[in-house]
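Peer 1: Dropping the structure in here first, questions after.
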Amino acid sequence: MRRFAGGTAVLAAAALLLALAGQAAAAGKVTLLIHPTLYQAAGGPKGVVADLEREKGIRVTVVTAPYTKIKDKAVLSFAAGGGEFDVVTLIGPWINQETVGFFEPLDGYIRKAPADYAYEDLIESLRQTARVPKPGGPAYAIPYRVGTGIVYYRKDLFAKAGLSIPKTWEEFLAAAKKLTEPGVYGVVQRGKPGEHVEQDFKRYLFSTGHGTISDDGKRCLLDQPDSIRVLEVFGTHFFNGWAPPDMLAYGRDEYRNAMMQGRAAMGVFFSPYWGIMKDSQKSKVAEHLGWFLVPTLDGKNVGATLNSGWFAVMDKKSKNKQEAWELMMALTNKKNQLRGGLEWANGPVRTSVYQNPEFQKKFPVAQGWLTAISRGQEDAQHPRSAEISDVVSKEVINFLQKKKSAAQAMKDACRQVNSFL
Amino acid sequence: MRSEAQRGAVKAARGRWLSPARTQALAPYALILPAYLVLGAILIYPAVYNIWLSFWSWRLTTPHLARFVGPDNYVRLLTVNPDFWGVTRFTLGFTVATIALEFVLGLVSALLLYGLVRGRRLLTSFLLTPYMVAPIAVGLGWRLMWDRDIGVVNFAIGVIGLAKVNWLAETWPAFWAVVLTEVWRSTPFVTMILLAGLTALPNDVFEAAHVDGANRWQTFRRITFPLILPPLVVSLMFQTIFKLRVFDIPYILTEGGPGTSTMPYGLFIQRIYFRYFDVGNAAAVSVVLLLLGGVIAFFYLRLVRERDI
Amino acid sequence: MKGHEASIGPGVPSFPLARGIMTALLAFSLFPVIWVALTSVKSETAIFSIPPKILVWPDFSSYVKFLGFGRESALRFLWSSALVSVMTTLATLLLASPAAYAFSRYHFRREKELLFLMLATRLLPPVTAVVPLYLAFRYFGLLDTWFILILVYTALNIPFATWLMKAFFDGIPRELEEAAAMDGCGAVRTLARVTFPLASSGIAATSIFVFLLAWNEFMFAFMFTNVKARTMPVRLAETMGEMQIFWQDMASLSTLIMLPALAVGFFMQRYLIRALTAGAVK
């Protein structure tokens, strides 16, 4: 009997404690839908999220979802009426004229943000991508992570072949030819459908200074002469055997493996991979790896290419908007962006981080990254950007499979793209 | 409290309503009702809703702009959509190739396993293993094995002295890579059902055949095969339905490539649904798939009924 | 007895090639599985070396991470998966076996149509059910619970389970049931003593497939759960990260998913074999 009473007392106390804990959490609670890699880039459960709970009493429930799947989950929740995820991380093209209907406009919050948040310090082109229409429209997102295209290359192989850094695509192709030898491909790029071939081709395409469609979203630019020329460059290294013969099956991981296991001499790729590529635990050639800016047709404005950013948006139907905004600021403020860049392999979105001496000491490439990012641009905003991307992917592959000439492929692409504009 | 008379009356009424003949007639409905309740809520309601949606222009990102468009989605799918016929061709080819291979391999494995006297349990477990592996792992593992430069398949081919094949980067090799991977993964499904079917056969049938002096092949053709035909047809029919909307393996191996040459309906629908958020169009494609599957299932059933089983 | 059984088997050709075919099938089935298991203890450079490395110093760090109680622990996902799969299997058998029995033993109006409709419910790809079900579950506040996963998986399994079990019930001679009834067994006892034991191999096969579908299902698990009811396949999908596939983690999680499934398969075969001996005794 006595034991029973004792047990009851313990249980009651436990229930009371639980209830109290629940109360404390209810003071500020917010749900974040984020990519697992991005969550790690904010320090995971012990990083930004833990600080926010300690400093502001806001408890963050984190839901992780893999790339592309994150959009499925977010859109389903938004379309069903929202309120499930207060803050969601999305990539640039997913912020467009259609999707912003689900997002909270942020200009009011930005105006009221404390001075040390320094909104203006966020990289200009990213701030513009977060505005719809861009540039100058209302802000719907805050940039969180950015990468651009750079050319990864093997310094040792370049030295052996007596090559200097290519500035034009002609020089790039000449280098590719010279670097190709048994067991080593001169160039590696991706040819798999979906985002793979489309992203890699765009990193070439954007070196012309324009993208797939005009900024106002009214005109297809793929059939311009310079677009056709870069597509021919993209095909030349494949047709001549300077790129892997099975390039059409190359996705992200095939690319990465070829580069890291020493089977490729150079290739244009996403800049945040630098940390992984230089990991000597995983790569045989880590110490020989270098980088240079993406070439252009005329050798001017080298480094202009496609930027890809991750952004944080707030659900318009969120019931915890103030807390959600605090979380968005915590993910993107000066202190955490620097920490993310230094400790958690994030690609920082703040100019001040790239200029920080500590960051430059750890990443000697910092200044180059900043140059590339500020010369590059994001994909144009369009509600049908997914369909447009798939058209690009399909026609580039048609060209690589020699079903069409470069000019014909781009002409056909524009015909289809125009039907969406 | 009810009076005795009342209780008697109730009992009599119930007795009349649930007369033995009535019970017998209603029993099957009562037995299938619970299953149909769950199916109705989880599968039939969404299916009907889906058919209804296929007549709408409705994007998930702009629900307020939804409008009824009649057969528009179907017309555009059959006439304008550049990928539809290629997808249909691949899906049908893939289905025929995988089902044929799985039928042969499944039957051979089941008969061999059944014929084993010792070690059957262990060997059966081994042969069933592929079906236990998560599809993502199957896809990623095989993707590495099919790789041109670092894959085991080309390594083995090289040992024999043949030239490397671009397994995942050319149309036909990619087709066979996807087919073989799927066959590897799901043959155990057929094997298992056939083995269970064989196991359930009463032994006296064979004894009789043995006494009649039938040889092995005759016994198999005249007795064993007809007896295991019903589970065989059921398993192949469901396998066919699963093949028609296969998703995981092609997605992870090739993402439908090179180009769109290995893109099945499953991937096509998923892309329209969750990449373009074009729910109306995706619904129309899935209804086409529904009809295709219905026709094929109908022919399977004819196969069983003609033999009067 | 054993020799006797082999000689009157169901017409299996026992030519010497059989052994060879068996070996080839075994190699074909097992090699990729062993490869995945090996990958789980290899470092990344070893995974990608050519010629392939078979002998490596095993590195179990990945397993330690997932099976420990730290923040990377996968135990709660395993628990979710186990609970959902077992409950799904029970629920499916509970709902599908009466239906299968009805379709096998009774003749009733609209029998063929009802049986075909059951099949037809599976003709649509599951992705089309995601939006309507999401809306419904959201309305009832059931998102992120085990209950809805069990419900959905049960529904997905019922048609196949019913059809398959019907095929096995059909194979049981009615005379056996009638004989039991004449011996004074009631309907329930006849079912329990005669029908179900004779169909046990079919029921075992069915339940393995039901279990495996629930165990490996990804899409609904991903869309309908956030934190509390997450299952193993959702965790596994995260190893295909934004930047790279975490090969070793992928392989070890795959192995962890595979082992319980293998155990279930192995255990259920006891029933496959028992059914055979029961038949032989008669």
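Ordering of the structure tokens sets the chain letters (A, B, ...), residue numbers begin anew at 1 in every chain, and ligands are numbered from 1 in the order given.
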Compute the set of chain A residues within 6 Å of chain B, using only C-alpha atoms, and express it as a ChimeraX atom specification.

Peer 2: /A:72,193,246,248-249,394,397

Peer 1: Do me a favour and pick out the residues of chain C within 6 Å of chain A, using only C-alpha atoms, as a list of chain:residue names.

Peer 2: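 In the required form, that comes to C:Glu44, C:Thr45, C:Asn226, C:Glu238, C:Glu242.
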
Peer 1: Going by DSSP on the backbone, which residues of segment 161-257 of chain A come out as alpha helix (DSSP H)? List them as a PyMOL selection string.

Peer 2: chain A and resi 161+169-179+195-205+225-239+252-257

Peer 1: Please, what distance in Å, to one decimal, runs between atom CA of Val294 of chain A and atom CA of Gly149 of chain A?

Peer 2: 6.9 Å

Peer 1: Would you mind telling me which residue in B:Met263, B:Ile241, B:Leu127, B:Val87 lies nearest to Leu195 of chain B when using only C-alpha atoms?

Peer 2: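 With only C-alpha atoms as the atom set, the closest residue is B:Leu127.
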
Peer 1: Measuring between only C-alpha atoms, which one of B:Lys164, B:Arg67, B:Arg121, B:Arg222 shows the shortest distance to chain C?

Peer 2: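 Checking each candidate against chain C, we get B:Arg121 as the closest.
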
Peer 1: Just want the 8 Å neighbourhood of segment 93-100 of chain C, counted on only C-alpha atoms, with same-chain residues fewer than 6 positions away dropped. Output as a list in words.

Peer 2: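 Using only C-alpha atoms, the neighbours found are Pro28, Leu31, Ile32, Leu33, Pro34 and Ala35 of chain B; Ile158, Pro159, Ala161, Thr162, Trp163, Met165, Lys166, Phe169 and Ser207 of chain C.
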
Peer 1: Using only C-alpha atoms, determine which residues lie at most 12 Å from Leu142 of chain C, disregarding the query and same-chain residues fewer than 4 positions distant; provide the list as a count of residues only.

Peer 2: 17

Peer 1: Give me, please, the distance in Å between atom CA of Val96 of chain B and atom CA of Gly191 of chain A, quoted to one decimal.

Peer 2: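 Rounded to one decimal, the two atoms are 28.4 Å apart.
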
Peer 1: Just to confirm, what's the straight-line distance from atom CA of Leu55 of chain C to atom CA of Ala251 of chain C in Å (one decimal)?

Peer 2: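 Value for the atom CA of Leu55 of chain C-atom CA of Ala251 of chain C distance: 16.8 Å.
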
Peer 1: Using only C-alpha atoms, determine which residues lie at most 7 Å from segment 102-111 of chain B, disregarding the query and same-chain residues fewer than 5 positions distant; provide the list as a list of chain:residue names.

Peer 2: B:Val183, B:Thr187, B:Pro188, B:Val190, B:Thr191, B:Leu194, B:Leu195, C:Val12

Peer 1: Please determine, counting only C-alpha atoms, which residue among C:Phe209, C:Tyr106, C:Phe48, C:Phe222 has the shortest atom-to-atom distance to Ala25 of chain B.

Peer 2: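 Between C:Phe209, C:Tyr106, C:Phe48, C:Phe222, the residue approaching Ala25 of chain B most closely is C:Tyr106.
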
Peer 1: Report as a list in words all protein, DNA and RNA residues lying within 12 Å of Phe299 of chain B, evaluated on only C-alpha atoms, omitting residues in the same chain fewer than 4 positions from it.

Peer 2: Val233, Leu236, Met237, Thr240, Leu292, Gly293, Gly294, Val295, Leu303, Val304, Arg305 and Glu306 of chain B

Peer 1: I'd like to know which of B:Ala156, B:Val133, B:Ala209, B:Leu37 is closest to chain C, using only C-alpha atoms.

Peer 2: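 Distance minimum relative to chain C lands on B:Val133.
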
Peer 1: Show which residues sit within 9 Å of segment 77-81 of chain B, as a ChimeraX atom specification. Count only C-alpha atoms, and ignore same-chain residues fewer than 5 positions away.

Peer 2: /B:72,281,284-285

Peer 1: Enumerate, as a PyMOL selection string, the complete set of residues in segment 179-395 of chain A that a backbone-based DSSP assignment places in strand (DSSP E or B).

Peer 2: chain A and resi 181+184-185+213+220+264+266-270+289-292+296+306+308-315+350+377

Peer 1: Of the residues A:Val48, A:Asp226, A:Met266, A:Gln97, which is the one nearest to Ala175 of chain A, using only C-alpha atoms?

Peer 2: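 Under the stated criterion, the closest residue is A:Met266.
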